[in-house]
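Dumped structure_6.cif below, it's mmCIF, C-alpha atoms:
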```
data_start
#
loop_
_atom_site.group_PDB
_atom_site.id
_atom_site.type_symbol
_atom_site.label_atom_id
_atom_site.label_comp_id
_atom_site.auth_asym_id
_atom_site.auth_seq_id
_atom_site.Cartn_x
_atom_site.Cartn_y
_atom_site.Cartn_z
ATOM 1 C CA MET A 1 25.060 -20.513 9.110
ATOM 2 C CA ALA A 2 23.269 -18.285 11.614
ATOM 3 C CA ARG A 3 26.530 -16.468 12.361
ATOM 4 C CA THR A 4 27.085 -15.843 8.643
ATOM 5 C CA ILE A 5 23.587 -14.398 8.248
ATOM 6 C CA THR A 6 24.077 -12.177 11.305
ATOM 7 C CA LEU A 7 27.410 -10.889 10.007
ATOM 8 C CA THR A 8 25.862 -10.170 6.604
ATOM 9 C CA LEU A 9 23.007 -8.229 8.205
ATOM 10 C CA LYS A 10 25.416 -6.205 10.331
ATOM 11 C CA ARG A 11 27.572 -5.460 7.301
ATOM 12 C CA ASN A 12 24.604 -4.352 5.191
ATOM 13 C CA TRP A 13 23.223 -2.051 7.872
ATOM 14 C CA ARG A 14 26.660 -0.697 8.736
ATOM 15 C CA GLN A 15 27.314 0.160 5.101
ATOM 16 C CA THR A 16 23.923 1.856 4.803
ATOM 17 C CA TRP A 17 24.315 3.811 8.023
ATOM 18 C CA ASN A 18 27.872 4.893 7.134
ATOM 19 C CA SER A 19 26.554 6.464 3.920
ATOM 20 C CA SER A 20 25.443 9.993 4.802
ATOM 21 C CA LEU A 21 22.973 10.002 1.899
ATOM 22 C CA GLN A 22 21.322 6.694 2.775
ATOM 23 C CA ARG A 23 21.326 7.558 6.480
ATOM 24 C CA ALA A 24 19.509 10.806 5.729
ATOM 25 C CA GLN A 25 17.059 9.037 3.413
ATOM 26 C CA MET A 26 16.272 6.480 6.104
ATOM 27 C CA ILE A 27 15.822 8.979 8.938
ATOM 28 C CA ILE A 28 13.859 11.592 6.984
ATOM 29 C CA GLY A 29 11.734 8.957 5.276
ATOM 30 C CA SER A 30 10.872 7.268 8.585
ATOM 31 C CA VAL A 31 9.894 10.590 10.175
ATOM 32 C CA LEU A 32 7.770 11.682 7.199
ATOM 33 C CA ILE A 33 5.859 8.417 6.858
ATOM 34 C CA THR A 34 5.181 8.400 10.614
ATOM 35 C CA ILE A 35 3.726 11.922 10.407
ATOM 36 C CA ILE A 36 1.632 11.057 7.343
ATOM 37 C CA LEU A 37 0.220 7.875 8.883
ATOM 38 C CA PHE A 38 -0.601 9.804 12.051
ATOM 39 C CA MET A 39 -2.560 12.407 10.033
ATOM 40 C CA LEU A 40 -4.401 10.030 7.692
ATOM 41 C CA PRO A 41 -7.232 9.015 10.088
ATOM 42 C CA SER A 42 -8.318 12.660 10.381
ATOM 43 C CA PHE A 43 -8.308 13.063 6.598
ATOM 44 C CA PHE A 44 -10.329 9.901 6.007
ATOM 45 C CA ASN A 45 -12.864 10.886 8.637
ATOM 46 C CA GLN A 46 -13.354 14.201 6.839
ATOM 47 C CA ILE A 47 -13.880 12.730 3.373
ATOM 48 C CA GLU A 48 -16.361 10.255 4.842
ATOM 49 C CA LYS A 49 -18.669 13.190 5.628
ATOM 50 C CA ARG A 50 -18.945 14.454 2.051
ATOM 51 C CA ASP A 51 -21.226 13.270 -0.725
ATOM 52 C CA GLY A 52 -19.910 11.929 -4.018
ATOM 53 C CA ILE A 53 -20.971 10.178 -7.193
ATOM 54 C CA VAL A 54 -21.710 6.502 -7.809
ATOM 55 C CA VAL A 55 -19.833 4.968 -10.745
ATOM 56 C CA ASN A 56 -21.750 2.778 -13.162
ATOM 57 C CA ASP A 57 -19.543 -0.312 -12.853
ATOM 58 C CA TYR A 58 -20.690 -3.187 -15.063
ATOM 59 C CA LEU A 59 -18.192 -5.674 -13.605
ATOM 60 C CA LEU A 60 -19.306 -5.046 -10.016
ATOM 61 C CA ALA A 61 -22.926 -5.290 -11.092
ATOM 62 C CA ALA A 62 -22.202 -8.787 -12.394
ATOM 63 C CA LEU A 63 -20.294 -9.875 -9.277
ATOM 64 C CA PRO A 64 -22.285 -11.004 -6.231
ATOM 65 C CA ALA A 65 -20.851 -9.474 -3.053
ATOM 66 C CA TYR A 66 -19.178 -11.727 -0.478
ATOM 67 C CA ASN A 67 -17.267 -10.988 2.703
ATOM 68 C CA VAL A 68 -13.695 -12.071 1.972
ATOM 69 C CA SER A 69 -12.020 -9.836 4.572
ATOM 70 C CA ILE A 70 -10.065 -12.703 6.124
ATOM 71 C CA ALA A 71 -8.520 -13.659 2.792
ATOM 72 C CA ILE A 72 -7.692 -10.029 1.983
ATOM 73 C CA PHE A 73 -5.903 -9.201 5.216
ATOM 74 C CA THR A 74 -4.203 -12.619 5.360
ATOM 75 C CA ILE A 75 -2.545 -11.870 2.016
ATOM 76 C CA LEU A 76 -1.775 -8.282 3.025
ATOM 77 C CA TRP A 77 -0.204 -9.201 6.346
ATOM 78 C CA GLY A 78 1.637 -12.175 4.872
ATOM 79 C CA ILE A 79 3.276 -10.271 2.017
ATOM 80 C CA GLY A 80 3.792 -7.222 4.213
ATOM 81 C CA LEU A 81 5.693 -9.213 6.824
ATOM 82 C CA TYR A 82 7.695 -10.990 4.140
ATOM 83 C CA THR A 83 8.658 -7.644 2.580
ATOM 84 C CA LEU A 84 9.713 -6.438 6.035
ATOM 85 C CA PHE A 85 11.851 -9.563 6.381
ATOM 86 C CA ARG A 86 13.572 -8.780 3.077
ATOM 87 C CA ALA A 87 13.947 -5.122 4.060
ATOM 88 C CA ILE A 88 15.730 -6.154 7.263
ATOM 89 C CA GLN A 89 18.105 -8.190 5.136
ATOM 90 C CA LYS A 90 18.654 -5.354 2.669
ATOM 91 C CA PRO A 91 18.118 -1.792 3.988
ATOM 92 C CA SER A 92 17.851 -0.330 0.471
ATOM 93 C CA ILE A 93 14.483 -2.096 0.132
ATOM 94 C CA PHE A 94 13.315 -0.407 3.326
ATOM 95 C CA ILE A 95 14.408 3.018 2.048
ATOM 96 C CA THR A 96 12.797 2.605 -1.365
ATOM 97 C CA TYR A 97 9.531 1.272 0.038
ATOM 98 C CA THR A 98 9.317 3.978 2.711
ATOM 99 C CA TRP A 99 9.739 6.797 0.201
ATOM 100 C CA GLY A 100 7.436 5.062 -2.255
ATOM 101 C CA LEU A 101 4.747 4.800 0.411
ATOM 102 C CA ILE A 102 5.189 8.480 1.270
ATOM 103 C CA PHE A 103 4.433 9.520 -2.290
ATOM 104 C CA VAL A 104 1.624 6.976 -2.688
ATOM 105 C CA CYS A 105 -0.082 8.366 0.429
ATOM 106 C CA ILE A 106 0.329 11.973 -0.725
ATOM 107 C CA LEU A 107 -1.003 11.181 -4.186
ATOM 108 C CA ARG A 108 -3.962 9.250 -2.763
ATOM 109 C CA VAL A 109 -4.870 12.187 -0.549
ATOM 110 C CA LEU A 110 -4.792 14.386 -3.657
ATOM 111 C CA THR A 111 -6.850 12.082 -5.897
ATOM 112 C CA ILE A 112 -9.383 11.236 -3.192
ATOM 113 C CA SER A 113 -9.802 14.967 -2.492
ATOM 114 C CA LEU A 114 -10.292 15.813 -6.172
ATOM 115 C CA ILE A 115 -12.519 12.834 -7.066
ATOM 116 C CA PRO A 116 -15.395 12.499 -4.564
ATOM 117 C CA LEU A 117 -16.988 9.074 -4.864
ATOM 118 C CA ASN A 118 -19.701 7.296 -2.933
ATOM 119 C CA PRO A 119 -19.175 3.604 -2.093
ATOM 120 C CA PRO A 120 -20.122 0.964 -4.670
ATOM 121 C CA PRO A 121 -23.608 -0.553 -4.304
ATOM 122 C CA GLY A 122 -23.553 -3.724 -2.222
ATOM 123 C CA LEU A 123 -20.364 -2.800 -0.371
ATOM 124 C CA ILE A 124 -19.527 -5.091 2.546
ATOM 125 C CA ALA A 125 -17.431 -3.317 5.186
ATOM 126 C CA LEU A 126 -13.842 -4.508 5.187
ATOM 127 C CA THR A 127 -12.864 -5.994 8.541
ATOM 128 C CA ASP A 128 -9.120 -5.613 8.461
ATOM 129 C CA PRO A 129 -6.911 -4.975 11.523
ATOM 130 C CA LEU A 130 -4.275 -3.446 9.266
ATOM 131 C CA THR A 131 -6.520 -0.633 8.056
ATOM 132 C CA GLY A 132 -7.192 0.407 11.654
ATOM 133 C CA ILE A 133 -3.619 1.671 11.814
ATOM 134 C CA PHE A 134 -4.259 4.090 8.960
ATOM 135 C CA TYR A 135 -7.956 4.852 9.274
ATOM 136 C CA GLY A 136 -8.604 4.871 13.012
ATOM 137 C CA GLU A 137 -11.703 3.332 14.527
ATOM 138 C CA SER A 138 -14.198 4.626 11.927
ATOM 139 C CA ASN A 139 -15.518 2.525 9.086
ATOM 140 C CA ILE A 140 -14.106 4.334 6.053
ATOM 141 C CA THR A 141 -15.781 3.621 2.711
ATOM 142 C CA LYS A 142 -15.068 6.683 0.519
ATOM 143 C CA ASP A 143 -11.279 6.416 0.176
ATOM 144 C CA LEU A 144 -11.816 5.019 -3.291
ATOM 145 C CA PHE A 145 -9.654 6.375 -6.096
ATOM 146 C CA PHE A 146 -7.162 4.842 -6.153
ATOM 147 C CA SER A 147 -7.048 1.607 -4.131
ATOM 148 C CA GLY A 148 -4.659 1.805 -1.189
ATOM 149 C CA HIS A 149 -4.534 -1.954 -0.659
ATOM 150 C CA THR A 150 -3.715 -2.658 -4.304
ATOM 151 C CA SER A 151 -1.139 0.117 -4.569
ATOM 152 C CA THR A 152 0.571 -0.912 -1.332
ATOM 153 C CA LEU A 153 0.986 -4.507 -2.472
ATOM 154 C CA PHE A 154 2.081 -3.476 -5.963
ATOM 155 C CA LEU A 155 4.715 -1.207 -4.414
ATOM 156 C CA MET A 156 5.998 -4.198 -2.446
ATOM 157 C CA PHE A 157 6.199 -6.152 -5.712
ATOM 158 C CA LEU A 158 8.276 -3.382 -7.280
ATOM 159 C CA CYS A 159 10.612 -3.019 -4.280
ATOM 160 C CA LEU A 160 11.342 -6.712 -3.822
ATOM 161 C CA GLU A 161 14.343 -7.882 -5.824
ATOM 162 C CA LYS A 162 14.361 -11.673 -6.051
ATOM 163 C CA LYS A 163 12.309 -13.192 -8.858
ATOM 164 C CA THR A 164 10.408 -15.592 -6.587
ATOM 165 C CA ASP A 165 9.627 -12.781 -4.134
ATOM 166 C CA LYS A 166 8.308 -10.600 -6.936
ATOM 167 C CA LEU A 167 6.122 -13.388 -8.298
ATOM 168 C CA ILE A 168 4.604 -13.998 -4.862
ATOM 169 C CA ALA A 169 3.936 -10.279 -4.343
ATOM 170 C CA LEU A 170 2.466 -9.880 -7.821
ATOM 171 C CA ALA A 171 0.164 -12.875 -7.317
ATOM 172 C CA GLY A 172 -0.916 -11.385 -3.978
ATOM 173 C CA THR A 173 -1.591 -8.021 -5.618
ATOM 174 C CA VAL A 174 -3.807 -9.561 -8.299
ATOM 175 C CA ALA A 175 -5.622 -11.707 -5.722
ATOM 176 C CA VAL A 176 -6.344 -8.789 -3.385
ATOM 177 C CA ALA A 177 -7.444 -6.566 -6.268
ATOM 178 C CA PHE A 178 -9.973 -9.217 -7.318
ATOM 179 C CA LEU A 179 -11.131 -9.876 -3.742
ATOM 180 C CA LEU A 180 -11.712 -6.151 -3.178
ATOM 181 C CA LEU A 181 -14.077 -6.240 -6.134
ATOM 182 C CA VAL A 182 -15.774 -9.382 -4.808
ATOM 183 C CA GLN A 183 -16.448 -7.549 -1.549
ATOM 184 C CA HIS A 184 -17.477 -4.419 -3.497
ATOM 185 C CA VAL A 185 -15.019 -2.335 -1.477
ATOM 186 C CA HIS A 186 -13.750 -0.568 -4.619
ATOM 187 C CA TYR A 187 -14.840 0.199 -8.142
ATOM 188 C CA THR A 188 -12.981 -1.586 -10.936
ATOM 189 C CA VAL A 189 -11.273 1.641 -11.972
ATOM 190 C CA ASP A 190 -9.855 2.047 -8.443
ATOM 191 C CA VAL A 191 -7.929 -1.226 -8.509
ATOM 192 C CA VAL A 192 -6.944 -1.042 -12.193
ATOM 193 C CA ALA A 193 -5.590 2.492 -11.820
ATOM 194 C CA ALA A 194 -3.459 1.624 -8.756
ATOM 195 C CA PRO A 195 -0.563 -0.169 -10.531
ATOM 196 C CA ILE A 196 -0.763 2.234 -13.487
ATOM 197 C CA ILE A 197 -0.213 5.148 -11.112
ATOM 198 C CA VAL A 198 2.269 3.465 -8.779
ATOM 199 C CA TYR A 199 4.720 2.211 -11.419
ATOM 200 C CA PRO A 200 5.839 5.624 -12.762
ATOM 201 C CA LEU A 201 5.816 6.882 -9.185
ATOM 202 C CA TYR A 202 8.208 4.080 -8.238
ATOM 203 C CA ARG A 203 10.503 4.923 -11.170
ATOM 204 C CA PHE A 204 10.533 8.541 -10.023
ATOM 205 C CA ILE A 205 11.399 7.488 -6.464
ATOM 206 C CA LYS A 206 14.292 5.353 -7.697
ATOM 207 C CA PHE A 207 15.594 8.317 -9.714
ATOM 208 C CA LEU A 208 15.126 10.644 -6.740
ATOM 209 C CA LEU A 209 16.923 8.378 -4.267
ATOM 210 C CA ASN A 210 19.861 7.821 -6.586
#
```

As structure tokens, what does this structure read like?
Amino acid sequence: MARTITLTLKRNWRQTWNSSLQRAQMIIGSVLITIILFMLPSFFNQIEKRDGIVVNDYLLAALPAYNVSIAIFTILWGIGLYTLFRAIQKPSIFITYTWGLIFVCILRVLTISLIPLNPPPGLIALTDPLTGIFYGESNITKDLFFSGHTSTLFLMFLCLEKKTDKLIALAGTVAVAFLLLVQHVHYTVDVVAAPIIVYPLYRFIKFLLN
């Protein structure tokens, strides 16, 4: 059984690497996302210094704030690692997700730059080891529209192929979106807009890669 799995993995990666198009997509995508993730902490530190507006959010006003950081990053890490596991099995998932994340990051930089927002009232700082990779050591609270956590998980949902995998990722996306509101990390519009923005972006990426 283990030998069969190993041979299948080797075959999948060999086929991907032997395709000049997929090889280029993998290499260029990996380089670009590495550069973007390296530059993001500087960007987030800059937007943290500016002043923005506070959105009148009726849902947040009705929700008492609780620290649910552990639940949020447990779901994020769990689904993230599972998506990585599937991507190792099927390199096309890795390619699609990498390019999707590239465009999500670029679009978030654009929307955050154009829509200056102050944190929601009652915000409890998110203690998440995953965000330290992207944001650096600072406590970033103004990277609001649109939600990076929600969009990242929703992109995983779109990239995964098996029905059970997609259901798990979708459930995780909904759970994290709600928990972000419970912790008052985002406005409602931030988490609702994330899948609305990411879905057409994903369709564009699929068209672009093919």

Straight-line distance linking CA of Asp165 (chain A) with CA of Tyr82 (chain A), stated in Å to one decimal: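 Answer for the CA of Asp165 (chain A) to CA of Tyr82 (chain A) separation: 8.7 Å.
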
Region 191-194 of chain A environment, 12 Å, only C-alpha atoms, sequence neighbours closer than 3 positions dropped, as a ChimeraX atom specification: /A:104-105,107-108,111,144-155,173-182,184-188,197-202

Length of the CA of Lys90 (chain A) to CA of Leu40 (chain A) vector [Å]: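 So the two atoms, CA of Lys90 (chain A) and CA of Leu40 (chain A), lie 28.2 Å apart.
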
Point-to-point distance in Å for CA of Trp77 (chain A) and CA of Val31 (chain A):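 These two atoms are separated by 22.5 Å.
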
Residues selected by the PyMOL selection byres ((chain A and resi 121) around 12), written as a list in words: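 Checked against the file, the PyMOL selection byres ((chain A and resi 121) around 12) matches Ile53, Val54, Val55, Asn56, Asp57, Tyr58, Leu59, Leu60, Ala61, Ala62, Leu63, Pro64, Ala65, Leu117, Asn118, Pro119, Pro120, Gly122, Leu123, Ile124, Ala125, Thr141, Leu181, Val182, Gln183, His184, Val185, His186 and Tyr187 of chain A.
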
Those residues with C-alpha atoms, as an mmCIF file, keeping the file's coordinate frame please?
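Resulting contents of out_0.cif:
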```cif
data_model
loop_
_atom_site.group_PDB
_atom_site.id
_atom_site.type_symbol
_atom_site.label_atom_id
_atom_site.label_comp_id
_atom_site.auth_asym_id
_atom_site.auth_seq_id
_atom_site.Cartn_x
_atom_site.Cartn_y
_atom_site.Cartn_z
ATOM 1 C CA ILE A 53 -20.971 10.178 -7.193
ATOM 2 C CA VAL A 54 -21.710 6.502 -7.809
ATOM 3 C CA VAL A 55 -19.833 4.968 -10.745
ATOM 4 C CA ASN A 56 -21.750 2.778 -13.162
ATOM 5 C CA ASP A 57 -19.543 -0.312 -12.853
ATOM 6 C CA TYR A 58 -20.690 -3.187 -15.063
ATOM 7 C CA LEU A 59 -18.192 -5.674 -13.605
ATOM 8 C CA LEU A 60 -19.306 -5.046 -10.016
ATOM 9 C CA ALA A 61 -22.926 -5.290 -11.092
ATOM 10 C CA ALA A 62 -22.202 -8.787 -12.394
ATOM 11 C CA LEU A 63 -20.294 -9.875 -9.277
ATOM 12 C CA PRO A 64 -22.285 -11.004 -6.231
ATOM 13 C CA ALA A 65 -20.851 -9.474 -3.053
ATOM 14 C CA LEU A 117 -16.988 9.074 -4.864
ATOM 15 C CA ASN A 118 -19.701 7.296 -2.933
ATOM 16 C CA PRO A 119 -19.175 3.604 -2.093
ATOM 17 C CA PRO A 120 -20.122 0.964 -4.670
ATOM 18 C CA GLY A 122 -23.553 -3.724 -2.222
ATOM 19 C CA LEU A 123 -20.364 -2.800 -0.371
ATOM 20 C CA ILE A 124 -19.527 -5.091 2.546
ATOM 21 C CA ALA A 125 -17.431 -3.317 5.186
ATOM 22 C CA THR A 141 -15.781 3.621 2.711
ATOM 23 C CA LEU A 181 -14.077 -6.240 -6.134
ATOM 24 C CA VAL A 182 -15.774 -9.382 -4.808
ATOM 25 C CA GLN A 183 -16.448 -7.549 -1.549
ATOM 26 C CA HIS A 184 -17.477 -4.419 -3.497
ATOM 27 C CA VAL A 185 -15.019 -2.335 -1.477
ATOM 28 C CA HIS A 186 -13.750 -0.568 -4.619
ATOM 29 C CA TYR A 187 -14.840 0.199 -8.142
#
```

Picked residues, the PyMOL selection byres ((chain A and resi 13) around 12), expected as an MDAnalysis selection string: chainID A and resid 6:12 14:19 22:23 26 87:95

Using only C-alpha atoms: which of A:Phe44, A:Leu158, A:Tyr97, A:Phe85 has the shortest distance to Leu209 (chain A): A:Tyr97

Nearest to Tyr66 (chain A) by atom-to-atom distance, counting all atoms listed in the file, from A:Leu126, A:Ser113, A:Glu161, A:Ile196: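 Among the listed residues, the smallest separation from Tyr66 (chain A) belongs to A:Leu126.
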
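Using only C-alpha atoms for every distance, the candidate list A:Ile106, A:Ile75, A:Leu84, A:Ile168 yields A:Ile106 as the residue closest to Met39 (chain A).
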
Long-range neighbours of Pro116 (chain A) as a PyMOL selection string, 8 Å cut-off, only C-alpha atoms, 5 positions minimum in chain: chain A and resi 50-53+142
